[in-house]
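run-v1.tsv follows; it contains TSV, C-alpha atoms and all ligand atoms.
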```tsv
chain	number	residue	atom	x	y	z
A	1	MET	CA	78.78	109.07	77.33
A	2	ARG	CA	82.44	110.21	77.43
A	3	PHE	CA	83.72	107.43	79.72
A	4	TYR	CA	81.91	104.17	78.99
A	5	VAL	CA	83.00	100.57	78.57
A	6	ASN	CA	80.30	98.06	77.63
A	7	PRO	CA	80.31	95.55	80.54
A	8	ALA	CA	79.72	92.77	78.00
A	9	SER	CA	83.15	93.54	76.48
A	10	VAL	CA	84.95	92.93	79.81
A	11	PRO	CA	86.34	89.37	79.93
A	12	TYR	CA	84.96	87.20	82.73
A	13	ARG	CA	86.08	84.36	84.99
A	14	THR	CA	84.02	81.36	86.02
A	15	LEU	CA	84.25	80.33	89.67
A	16	SER	CA	84.37	76.73	90.93
A	17	GLY	CA	80.63	76.89	91.72
A	18	GLY	CA	79.83	78.08	88.19
A	19	GLN	CA	79.16	81.80	88.86
A	20	ARG	CA	80.69	84.27	86.43
A	21	MET	CA	82.41	87.48	87.44
A	22	PRO	CA	84.26	90.28	85.60
A	23	CYS	CA	88.04	89.95	85.29
A	24	ILE	CA	88.53	93.38	86.90
A	25	GLY	CA	86.73	95.31	89.63
A	26	MET	CA	87.00	98.44	91.72
A	27	GLY	CA	88.58	98.51	95.19
A	28	THR	CA	86.96	100.75	97.78
A	29	PHE	CA	89.63	101.25	100.45
A	30	GLY	CA	90.48	104.95	100.53
A	31	SER	CA	93.82	104.40	102.35
A	32	ASP	CA	92.69	106.86	105.05
A	33	LYS	CA	92.88	109.62	102.39
A	34	ASN	CA	89.49	109.70	100.68
A	35	THR	CA	86.22	110.26	102.53
A	36	ALA	CA	83.36	107.76	102.39
A	37	GLU	CA	81.38	110.30	100.34
A	38	GLU	CA	84.19	110.66	97.78
A	39	ILE	CA	84.47	106.89	97.44
A	40	ALA	CA	80.69	106.45	97.10
A	41	GLY	CA	80.78	109.13	94.39
A	42	ALA	CA	83.52	107.21	92.60
A	43	VAL	CA	81.53	103.97	92.91
A	44	SER	CA	78.54	105.68	91.30
A	45	LYS	CA	80.71	106.92	88.43
A	46	ALA	CA	82.29	103.47	88.08
A	47	LEU	CA	78.86	101.85	87.76
A	48	ASP	CA	77.84	104.34	85.05
A	49	MET	CA	81.16	103.64	83.34
A	50	GLY	CA	80.61	99.87	83.17
A	51	TYR	CA	82.20	98.43	86.34
A	52	ARG	CA	80.18	95.54	87.73
A	53	LEU	CA	82.53	94.15	90.41
A	54	PHE	CA	83.17	96.00	93.68
A	55	ASP	CA	85.43	94.99	96.57
A	56	CYS	CA	84.11	96.33	99.89
A	57	ALA	CA	84.85	95.65	103.56
A	58	SER	CA	83.34	96.68	106.88
A	59	VAL	CA	86.71	98.05	108.04
A	60	TYR	CA	86.80	100.54	105.15
A	61	CYS	CA	84.06	102.42	107.07
A	62	ASN	CA	82.20	103.46	103.93
A	63	GLU	CA	79.74	100.64	103.21
A	64	ASP	CA	76.79	102.74	104.38
A	65	LYS	CA	77.64	105.53	101.92
A	66	ILE	CA	78.38	103.08	99.09
A	67	GLY	CA	75.05	101.39	99.92
A	68	GLU	CA	73.23	104.58	98.98
A	69	VAL	CA	74.45	103.92	95.44
A	70	PHE	CA	73.66	100.18	95.40
A	71	GLY	CA	70.24	100.76	96.93
A	72	ASN	CA	69.38	102.71	93.82
A	73	LEU	CA	70.52	100.42	90.99
A	74	GLU	CA	67.18	100.70	89.16
A	75	SER	CA	67.78	104.40	88.60
A	76	LYS	CA	70.83	103.35	86.57
A	77	SER	CA	68.87	100.56	84.82
A	78	ILE	CA	71.27	97.95	86.24
A	79	ARG	CA	69.95	94.61	87.52
A	80	ARG	CA	71.39	93.13	90.74
A	81	GLU	CA	72.22	89.89	88.86
A	82	GLU	CA	74.66	91.82	86.65
A	83	MET	CA	76.69	92.81	89.70
A	84	PHE	CA	79.33	90.95	91.68
A	85	MET	CA	79.48	92.40	95.18
A	86	MET	CA	82.17	91.42	97.69
A	87	SER	CA	82.68	92.30	101.36
A	88	LYS	CA	84.81	91.07	104.25
A	89	VAL	CA	84.54	90.39	107.96
A	90	TRP	CA	87.06	92.31	110.07
A	91	ASN	CA	89.35	90.76	112.69
A	92	ASP	CA	87.33	91.95	115.69
A	93	MET	CA	84.19	90.05	114.56
A	94	HIS	CA	85.48	86.46	114.32
A	95	LYS	CA	84.04	84.91	117.47
A	96	LYS	CA	80.89	82.76	117.70
A	97	GLY	CA	77.88	84.67	116.37
A	98	GLU	CA	79.90	87.70	115.37
A	99	VAL	CA	80.52	86.79	111.70
A	100	LEU	CA	76.78	86.58	111.12
A	101	LEU	CA	76.28	89.95	112.79
A	102	SER	CA	79.02	91.52	110.71
A	103	ALA	CA	77.64	90.09	107.45
A	104	ALA	CA	74.17	91.33	108.40
A	105	LYS	CA	75.56	94.82	109.01
A	106	SER	CA	77.41	94.84	105.67
A	107	LEU	CA	74.25	93.70	103.86
A	108	LYS	CA	72.19	96.39	105.58
A	109	ASP	CA	74.80	99.11	104.93
A	110	LEU	CA	75.31	98.09	101.30
A	111	GLN	CA	71.51	97.81	100.87
A	112	LEU	CA	71.80	94.30	99.43
A	113	ASP	CA	69.90	91.02	99.99
A	114	TYR	CA	72.98	88.89	99.39
A	115	LEU	CA	76.70	89.18	98.69
A	116	ASP	CA	78.34	87.43	95.75
A	117	ALA	CA	81.44	86.79	97.85
A	118	TYR	CA	82.25	87.22	101.53
A	119	PHE	CA	85.85	87.03	102.76
A	120	VAL	CA	87.65	86.50	106.04
A	121	HIS	CA	89.77	89.65	105.74
A	122	TRP	CA	92.75	88.36	107.78
A	123	PRO	CA	93.15	84.81	109.13
A	124	PHE	CA	93.36	85.83	112.80
A	125	ARG	CA	91.59	87.95	115.37
A	126	ASN	CA	94.38	90.45	115.92
A	127	TYR	CA	92.91	93.88	115.88
A	128	HIS	CA	94.34	97.35	115.64
A	129	ALA	CA	92.68	100.68	116.23
A	130	PRO	CA	91.84	102.62	113.03
A	131	GLY	CA	94.70	104.89	111.92
A	132	CYS	CA	97.18	103.52	114.51
A	133	ASP	CA	100.91	103.76	113.73
A	134	GLY	CA	103.01	100.87	112.44
A	135	ASP	CA	104.72	100.03	115.74
A	136	ALA	CA	101.51	99.76	117.77
A	137	ARG	CA	100.94	96.31	119.37
A	138	ASN	CA	97.65	94.97	120.72
A	139	PRO	CA	98.39	92.89	123.87
A	140	ASP	CA	95.56	90.47	122.88
A	141	SER	CA	97.18	89.62	119.52
A	142	LYS	CA	98.50	86.08	119.00
A	143	PRO	CA	99.85	83.92	116.15
A	144	PHE	CA	97.54	82.19	113.64
A	145	ASP	CA	95.45	79.50	115.34
A	146	LYS	CA	93.81	76.83	113.18
A	147	ASN	CA	90.97	76.19	115.66
A	148	ASP	CA	90.11	79.87	115.96
A	149	PHE	CA	90.13	80.17	112.18
A	150	MET	CA	87.81	77.20	111.74
A	151	GLU	CA	85.38	78.60	114.32
A	152	THR	CA	85.19	81.67	112.10
A	153	TRP	CA	84.94	79.59	108.91
A	154	ARG	CA	82.03	77.50	110.25
A	155	GLN	CA	80.06	80.74	110.52
A	156	MET	CA	81.05	81.61	106.93
A	157	GLU	CA	79.70	78.21	105.84
A	158	ARG	CA	76.46	78.93	107.68
A	159	LEU	CA	76.07	82.20	105.77
A	160	TYR	CA	76.56	80.24	102.54
A	161	ASP	CA	73.94	77.67	103.63
A	162	MET	CA	71.49	80.50	104.31
A	163	GLY	CA	72.02	81.88	100.81
A	164	LEU	CA	73.20	85.22	102.17
A	165	VAL	CA	76.58	84.84	100.46
A	166	LYS	CA	77.02	83.00	97.15
A	167	ASN	CA	80.75	82.32	97.43
A	168	LEU	CA	83.22	82.20	100.30
A	169	GLY	CA	86.64	83.77	100.32
A	170	MET	CA	89.81	83.96	102.37
A	171	SER	CA	92.41	86.73	102.27
A	172	ASN	CA	96.03	87.24	103.33
A	173	MET	CA	96.66	83.49	103.44
A	174	THR	CA	99.87	81.52	102.92
A	175	VAL	CA	100.39	78.05	101.45
A	176	LYS	CA	101.10	76.72	104.95
A	177	LYS	CA	97.89	78.13	106.40
A	178	LEU	CA	95.88	76.83	103.42
A	179	ASN	CA	97.36	73.36	103.91
A	180	ASP	CA	96.20	73.55	107.53
A	181	VAL	CA	92.62	74.64	106.93
A	182	LEU	CA	91.47	73.54	103.45
A	183	PRO	CA	91.09	69.85	104.44
A	184	LEU	CA	88.80	70.99	107.28
A	185	CYS	CA	86.49	73.18	105.18
A	186	ARG	CA	83.05	71.73	104.40
A	187	ILE	CA	82.67	74.54	101.86
A	188	LYS	CA	85.94	75.46	100.21
A	189	PRO	CA	86.78	79.07	99.34
A	190	ALA	CA	85.98	79.98	95.73
A	191	LEU	CA	88.24	83.05	95.89
A	192	ILE	CA	91.35	84.21	97.69
A	193	GLU	CA	92.41	87.85	97.93
A	194	MET	CA	96.16	88.24	97.96
A	195	GLU	CA	98.61	91.05	97.37
A	196	LEU	CA	99.73	90.78	93.73
A	197	HIS	CA	101.65	93.21	91.54
A	198	PRO	CA	104.67	92.72	89.25
A	199	CYS	CA	107.16	93.29	92.11
A	200	PHE	CA	105.27	90.82	94.30
A	201	ALA	CA	104.07	87.99	92.09
A	202	GLN	CA	103.74	85.29	94.81
A	203	PRO	CA	104.15	82.44	92.27
A	204	GLU	CA	103.92	79.64	94.84
A	205	LEU	CA	100.68	80.85	96.44
A	206	PHE	CA	99.21	81.82	93.07
A	207	ASP	CA	99.86	78.41	91.50
A	208	TYR	CA	98.60	76.63	94.62
A	209	CYS	CA	95.26	78.47	94.36
A	210	VAL	CA	94.87	77.84	90.64
A	211	LYS	CA	95.59	74.13	91.16
A	212	ALA	CA	93.03	74.00	93.98
A	213	GLY	CA	90.37	75.64	91.76
A	214	ILE	CA	90.42	78.86	93.80
A	215	GLN	CA	90.25	82.17	91.90
A	216	PRO	CA	93.02	84.62	92.92
A	217	VAL	CA	91.92	88.24	93.41
A	218	ALA	CA	94.79	90.76	93.22
A	219	PHE	CA	94.81	93.54	95.79
A	220	CYS	CA	97.20	96.49	95.54
A	221	PRO	CA	97.39	95.55	91.84
A	222	ILE	CA	99.31	98.69	90.87
A	223	GLY	CA	101.50	98.69	93.94
A	224	SER	CA	99.24	100.92	96.05
A	225	PRO	CA	101.23	104.17	95.60
A	226	ASN	CA	98.97	106.02	98.09
A	227	ARG	CA	98.82	103.36	100.81
A	228	PRO	CA	98.79	104.56	104.44
A	229	GLU	CA	102.16	105.69	105.89
A	230	ARG	CA	102.04	102.82	108.43
A	231	ASP	CA	102.36	100.41	105.48
A	232	LYS	CA	105.48	102.06	103.98
A	233	THR	CA	109.11	101.08	104.62
A	234	PRO	CA	112.33	102.44	103.03
A	235	ASP	CA	112.99	99.19	101.09
A	236	ASP	CA	109.64	99.26	99.24
A	237	VAL	CA	109.82	99.27	95.45
A	238	THR	CA	107.41	101.25	93.21
A	239	ASP	CA	106.10	98.87	90.54
A	240	ILE	CA	105.31	101.51	87.93
A	241	GLU	CA	108.89	102.82	88.10
A	242	THR	CA	110.69	99.50	87.68
A	243	PRO	CA	112.67	99.01	84.44
A	244	ALA	CA	110.68	95.94	83.28
A	245	VAL	CA	107.28	97.61	83.76
A	246	LYS	CA	108.48	100.80	82.07
A	247	SER	CA	110.03	98.92	79.17
A	248	VAL	CA	106.84	96.90	78.50
A	249	ALA	CA	104.81	100.12	78.77
A	250	GLU	CA	107.03	101.87	76.20
A	251	ARG	CA	106.99	98.91	73.79
A	252	ASN	CA	103.17	98.74	73.91
A	253	ASN	CA	102.67	102.50	74.11
A	254	ILE	CA	100.53	102.21	77.26
A	255	HIS	CA	100.76	103.57	80.82
A	256	PRO	CA	102.76	101.50	83.36
A	257	VAL	CA	99.56	101.18	85.45
A	258	ASN	CA	97.93	99.45	82.48
A	259	VAL	CA	100.91	97.09	82.27
A	260	CYS	CA	100.30	95.97	85.86
A	261	LEU	CA	96.58	95.39	85.29
A	262	LYS	CA	97.04	93.59	81.97
A	263	TRP	CA	99.76	91.43	83.55
A	264	GLU	CA	97.37	90.34	86.32
A	265	VAL	CA	94.50	89.62	83.94
A	266	LYS	CA	96.70	87.65	81.51
A	267	ARG	CA	98.01	85.64	84.43
A	268	GLY	CA	94.45	84.75	85.46
A	269	ALA	CA	94.02	86.99	88.51
A	270	ILE	CA	91.25	89.53	89.04
A	271	PRO	CA	92.73	92.95	89.89
A	272	ILE	CA	90.65	95.34	92.02
A	273	PRO	CA	92.42	98.72	91.59
A	274	PHE	CA	91.23	101.67	93.63
A	275	ALA	CA	90.76	105.09	92.05
A	276	VAL	CA	88.51	108.09	92.50
A	277	GLU	CA	89.51	110.06	89.41
A	278	GLU	CA	87.26	109.40	86.46
A	279	GLU	CA	90.15	109.17	83.97
A	280	PHE	CA	91.91	106.57	86.14
A	281	LEU	CA	88.76	104.51	86.65
A	282	TYR	CA	88.09	104.54	82.93
A	283	SER	CA	91.61	103.71	81.83
A	284	ASN	CA	91.82	100.83	84.33
A	285	LEU	CA	88.62	99.21	83.06
A	286	LYS	CA	89.17	99.91	79.39
A	287	CYS	CA	92.71	98.52	79.22
A	288	VAL	CA	91.56	94.96	79.96
A	289	THR	CA	89.25	95.05	76.92
A	290	GLU	CA	92.15	95.96	74.63
A	291	THR	CA	95.13	94.02	73.24
A	292	GLU	CA	96.61	91.74	75.86
A	293	LEU	CA	100.31	91.57	76.71
A	294	SER	CA	102.46	89.21	74.63
A	295	ASP	CA	104.32	86.18	75.96
A	296	LYS	CA	107.50	88.23	75.54
A	297	ASP	CA	106.04	91.00	77.75
A	298	MET	CA	105.00	88.44	80.37
A	299	GLU	CA	108.48	86.91	80.33
A	300	GLU	CA	110.13	90.30	80.75
A	301	LEU	CA	107.82	91.18	83.65
A	302	LYS	CA	109.03	88.10	85.55
A	303	SER	CA	112.22	90.07	86.15
A	304	ALA	CA	110.24	92.73	88.09
A	305	ASP	CA	109.40	90.26	90.88
A	306	CYS	CA	111.61	91.09	93.84
A	307	ASN	CA	109.32	89.64	96.53
A	308	CYS	CA	108.41	93.15	97.67
A	309	ARG	CA	105.43	92.74	100.00
A	310	LEU	CA	103.84	96.14	100.65
A	311	ILE	CA	101.04	95.25	103.10
A	312	LYS	CA	103.24	93.62	105.72
A	313	GLY	CA	100.64	93.60	108.48
A	314	GLN	CA	103.05	94.71	111.22
A	315	VAL	CA	100.16	96.23	113.19
A	316	PHE	CA	98.81	92.71	113.73
A	317	LEU	CA	101.93	91.36	115.44
A	318	TRP	CA	101.73	89.84	118.90
A	319	GLU	CA	103.96	91.14	121.68
A	320	ASP	CA	106.95	88.75	121.39
A	321	ALA	CA	106.91	88.52	117.57
A	322	LYS	CA	110.26	89.40	115.99
A	323	SER	CA	109.25	90.89	112.66
A	324	TRP	CA	106.33	91.14	110.25
A	325	GLU	CA	107.74	88.11	108.44
A	326	ASP	CA	106.42	85.99	111.35
A	327	LEU	CA	102.91	86.66	110.01
A	328	TRP	CA	103.67	85.10	106.66
A	329	ASP	CA	105.21	81.74	107.74
B	1	LIG	N1	92.21	91.91	101.32
B	1	LIG	C1	93.04	92.83	101.81
B	1	LIG	O1	93.63	92.67	102.89
B	1	LIG	C2	93.28	94.09	101.03
B	1	LIG	C3	94.41	94.87	101.33
B	1	LIG	C4	94.63	96.02	100.59
B	1	LIG	C5	93.73	96.39	99.59
B	1	LIG	N2	92.62	95.63	99.33
B	1	LIG	C6	91.64	95.99	98.25
B	1	LIG	O2	92.39	96.24	97.06
B	1	LIG	C7	92.04	97.51	96.54
B	1	LIG	C8	93.22	98.10	95.77
B	1	LIG	O3	94.37	98.24	96.58
B	1	LIG	P1	95.00	99.66	96.90
B	1	LIG	O4	93.93	100.68	96.81
B	1	LIG	O5	95.77	99.57	98.14
B	1	LIG	O6	96.11	99.83	95.76
B	1	LIG	P2	96.14	100.00	94.20
B	1	LIG	O7	94.82	99.73	93.58
B	1	LIG	O8	97.32	99.22	93.74
B	1	LIG	O9	96.52	101.55	94.03
B	1	LIG	C9	95.56	102.54	94.20
B	1	LIG	C10	96.17	103.90	93.89
B	1	LIG	O10	96.66	103.97	92.56
B	1	LIG	C11	96.26	105.19	91.94
B	1	LIG	N3	95.76	104.88	90.58
B	1	LIG	C12	94.70	104.12	90.26
B	1	LIG	N4	94.52	104.06	88.92
B	1	LIG	C13	95.50	104.81	88.38
B	1	LIG	C14	95.83	105.17	87.03
B	1	LIG	N5	95.13	104.70	86.00
B	1	LIG	N6	96.93	105.97	86.84
B	1	LIG	C15	97.65	106.43	87.89
B	1	LIG	N7	97.37	106.15	89.18
B	1	LIG	C16	96.30	105.34	89.42
B	1	LIG	C17	95.10	105.74	92.74
B	1	LIG	O11	95.32	107.10	92.83
B	1	LIG	P3	94.16	108.16	93.25
B	1	LIG	O12	93.83	107.83	94.66
B	1	LIG	O13	94.92	109.45	93.13
B	1	LIG	O14	93.03	108.01	92.30
B	1	LIG	C18	95.16	105.00	94.05
B	1	LIG	O15	95.59	105.82	95.11
B	1	LIG	C19	91.63	98.31	97.79
B	1	LIG	O16	90.91	99.48	97.47
B	1	LIG	C20	90.85	97.27	98.54
B	1	LIG	O17	89.53	97.16	98.01
B	1	LIG	C21	92.40	94.47	100.02
```
What do you get writing this file as structure tokens?
Ligand SMILES: NC(=O)c1ccc[n+]([C@@H]2O[C@H](COP(=O)([O-])OP(=O)(O)OC[C@H]3O[C@@H](n4cnc5c(N)ncnc54)[C@H](OP(=O)(O)O)[C@@H]3O)[C@@H](O)[C@H]2O)c1
Amino acid sequence: MRFYVNPASVPYRTLSGGQRMPCIGMGTFGSDKNTAEEIAGAVSKALDMGYRLFDCASVYCNEDKIGEVFGNLESKSIRREEMFMMSKVWNDMHKKGEVLLSAAKSLKDLQLDYLDAYFVHWPFRNYHAPGCDGDARNPDSKPFDKNDFMETWRQMERLYDMGLVKNLGMSNMTVKKLNDVLPLCRIKPALIEMELHPCFAQPELFDYCVKAGIQPVAFCPIGSPNRPERDKTPDDVTDIETPAVKSVAERNNIHPVNVCLKWEVKRGAIPIPFAVEEEFLYSNLKCVTETELSDKDMEELKSADCNCRLIKGQVFLWEDAKSWEDLWD
């Protein structure tokens, strides 16, 4: 086969509960640009190519189409146990009973009996209509509330108890919010999804997670060049065009995208890049099986970090919030 990476050659991580997972996966959010059918087609190609980790979410509105691929793993001679499947509960399904309903829908849509990881997508109930513009405000939105969050988390723990999800995850957290909720968790998160790319390295949050035995998962790992317009501001930096990333790419004779992914993997994160083009999917997976970056490369890439958050979450702000920074403590 032209594009194939033996899954056994992809390095793996071991989670706090002992389960192993690949050090790279495929994201499935089409940034409002790709249809569910196109993404399901890319997932099918990715599976044939050797990807075994997939990051899904109910809000991506494509789990039913992707499920048509996962419901048919035998036709690809892939066993369910080889896979690591992740999904997330959206902000409008946090209240009592709703998390279980949402997980059940994701399982049904994805045609799975269990998820390997299930995440709370954002740590609050603030909801925005699909495709809304960046200045839209939902009058029901409010700041992070520890009690609300724990009501949601108790349902996550119940899903774990029932064996429907093997690991729990949080996403879009801060150190302050983790300090608030971790002591209250009966079952701690095994994974945390956070925005991570060379221009947004989040060293404090990253180190906090590693110290707490929580595996960081890097979203927007290559700086999400095609993210929705509502998530773009004039000050945003493009990772693959920064001098440090370009210089490391030139020295190693690799593409700047590969620099970002290798940087994440060497650091200990699990990047979940999105792509639909076969060449991109292949190059993203293959690069983590090849020579890793040197300590010199890693040192140089530190200079790329300019604290440039791309997914600011402004659509989740409450009415009297001043700026998106209020969401991030
Ligand atoms: N937990 C959360 O709140 C959260 C938030 C955001 C994202 N995520 C997850 O993270 C995943 C990745 O984030 P993302 O999709 O925003 O950003 P990303 O992976 O950083 O960037 C994706 C874009 O990069 C391009 N690309 C991919 N591989 C490439 C290559 N080898 N060479 C050149 N260009 C390449 C793709 O272009 P083409 O489209 O042209 O192929 C795609 O549009 C999402 O799909 C989603 O699963 C989670």
**Study point:** Neighbourhood of ligand LIG 1 (chain B) at 6 Å, counting all atoms listed in the file, reported as a list of chain:residue names
**Key:**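 The residues within 6 Å of ligand LIG 1 (chain B), counting all atoms listed in the file, are A:Gly27, A:Thr28, A:Phe29, A:Asp55, A:Cys56, A:His121, A:Ser171, A:Asn172, A:Glu193, A:Phe219, A:Cys220, A:Pro221, A:Ile222, A:Gly223, A:Ser224, A:Pro225, A:Asn226, A:Arg227, A:Val257, A:Ile272, A:Pro273, A:Phe274, A:Ala275, A:Val276, A:Glu277, A:Phe280, A:Ser283, A:Asn284.
When atom CA of A:Asp116 is paired with atom CA of A:Ala104, their separation reads 13.9 Å.
The closest residue to A:Glu250, picked from A:Asp180, A:Asp297, A:Asp320, A:Glu74 and counting all atoms listed in the file, is A:Asp297.
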Point to revise | Shell around A:Thr289 at 12 Å using all atoms listed in the file, local window under 5 positions removed, as JSON, numbers by chain | key: {"A": [4, 5, 6, 7, 8, 9, 10, 11, 12, 22, 23, 24, 50, 258, 261, 262, 265, 266, 282, 283, 284]}
Grab the residues selected above and save them as a PDB file, keeping the file's coordinate frame with C-alpha atoms.
```
ATOM      1  CA  TYR A   4      81.910 104.170  78.990  1.00  0.00           C
ATOM      2  CA  VAL A   5      83.000 100.570  78.570  1.00  0.00           C
ATOM      3  CA  ASN A   6      80.300  98.060  77.630  1.00  0.00           C
ATOM      4  CA  PRO A   7      80.310  95.550  80.540  1.00  0.00           C
ATOM      5  CA  ALA A   8      79.720  92.770  78.000  1.00  0.00           C
ATOM      6  CA  SER A   9      83.150  93.540  76.480  1.00  0.00           C
ATOM      7  CA  VAL A  10      84.950  92.930  79.810  1.00  0.00           C
ATOM      8  CA  PRO A  11      86.340  89.370  79.930  1.00  0.00           C
ATOM      9  CA  TYR A  12      84.960  87.200  82.730  1.00  0.00           C
ATOM     10  CA  PRO A  22      84.260  90.280  85.600  1.00  0.00           C
ATOM     11  CA  CYS A  23      88.040  89.950  85.290  1.00  0.00           C
ATOM     12  CA  ILE A  24      88.530  93.380  86.900  1.00  0.00           C
ATOM     13  CA  GLY A  50      80.610  99.870  83.170  1.00  0.00           C
ATOM     14  CA  ASN A 258      97.930  99.450  82.480  1.00  0.00           C
ATOM     15  CA  LEU A 261      96.580  95.390  85.290  1.00  0.00           C
ATOM     16  CA  LYS A 262      97.040  93.590  81.970  1.00  0.00           C
ATOM     17  CA  VAL A 265      94.500  89.620  83.940  1.00  0.00           C
ATOM     18  CA  LYS A 266      96.700  87.650  81.510  1.00  0.00           C
ATOM     19  CA  TYR A 282      88.090 104.540  82.930  1.00  0.00           C
ATOM     20  CA  SER A 283      91.610 103.710  81.830  1.00  0.00           C
ATOM     21  CA  ASN A 284      91.820 100.830  84.330  1.00  0.00           C
TER      22      ASN A 284
END
```
Point to revise | Spatial neighbours of A:Val43, 8 Å, all atoms listed in the file, chain gap at least 5 places, as a ChimeraX atom specification | key: /A:26,28,66,69
Exercise for review: For a cut-off of 12 Å around (77.9, 95.7, 111.8), file coordinates, pick out all residues using all atoms listed in the file and list them as a count of residues only.
Suggested key: 27
Practice item. Check the smallest atom-to-atom distance from each of A:Thr174, A:Asn72, A:Glu290, A:Pro143 to A:Asp326 using all atoms listed in the file, then report the winner. Key: A:Pro143
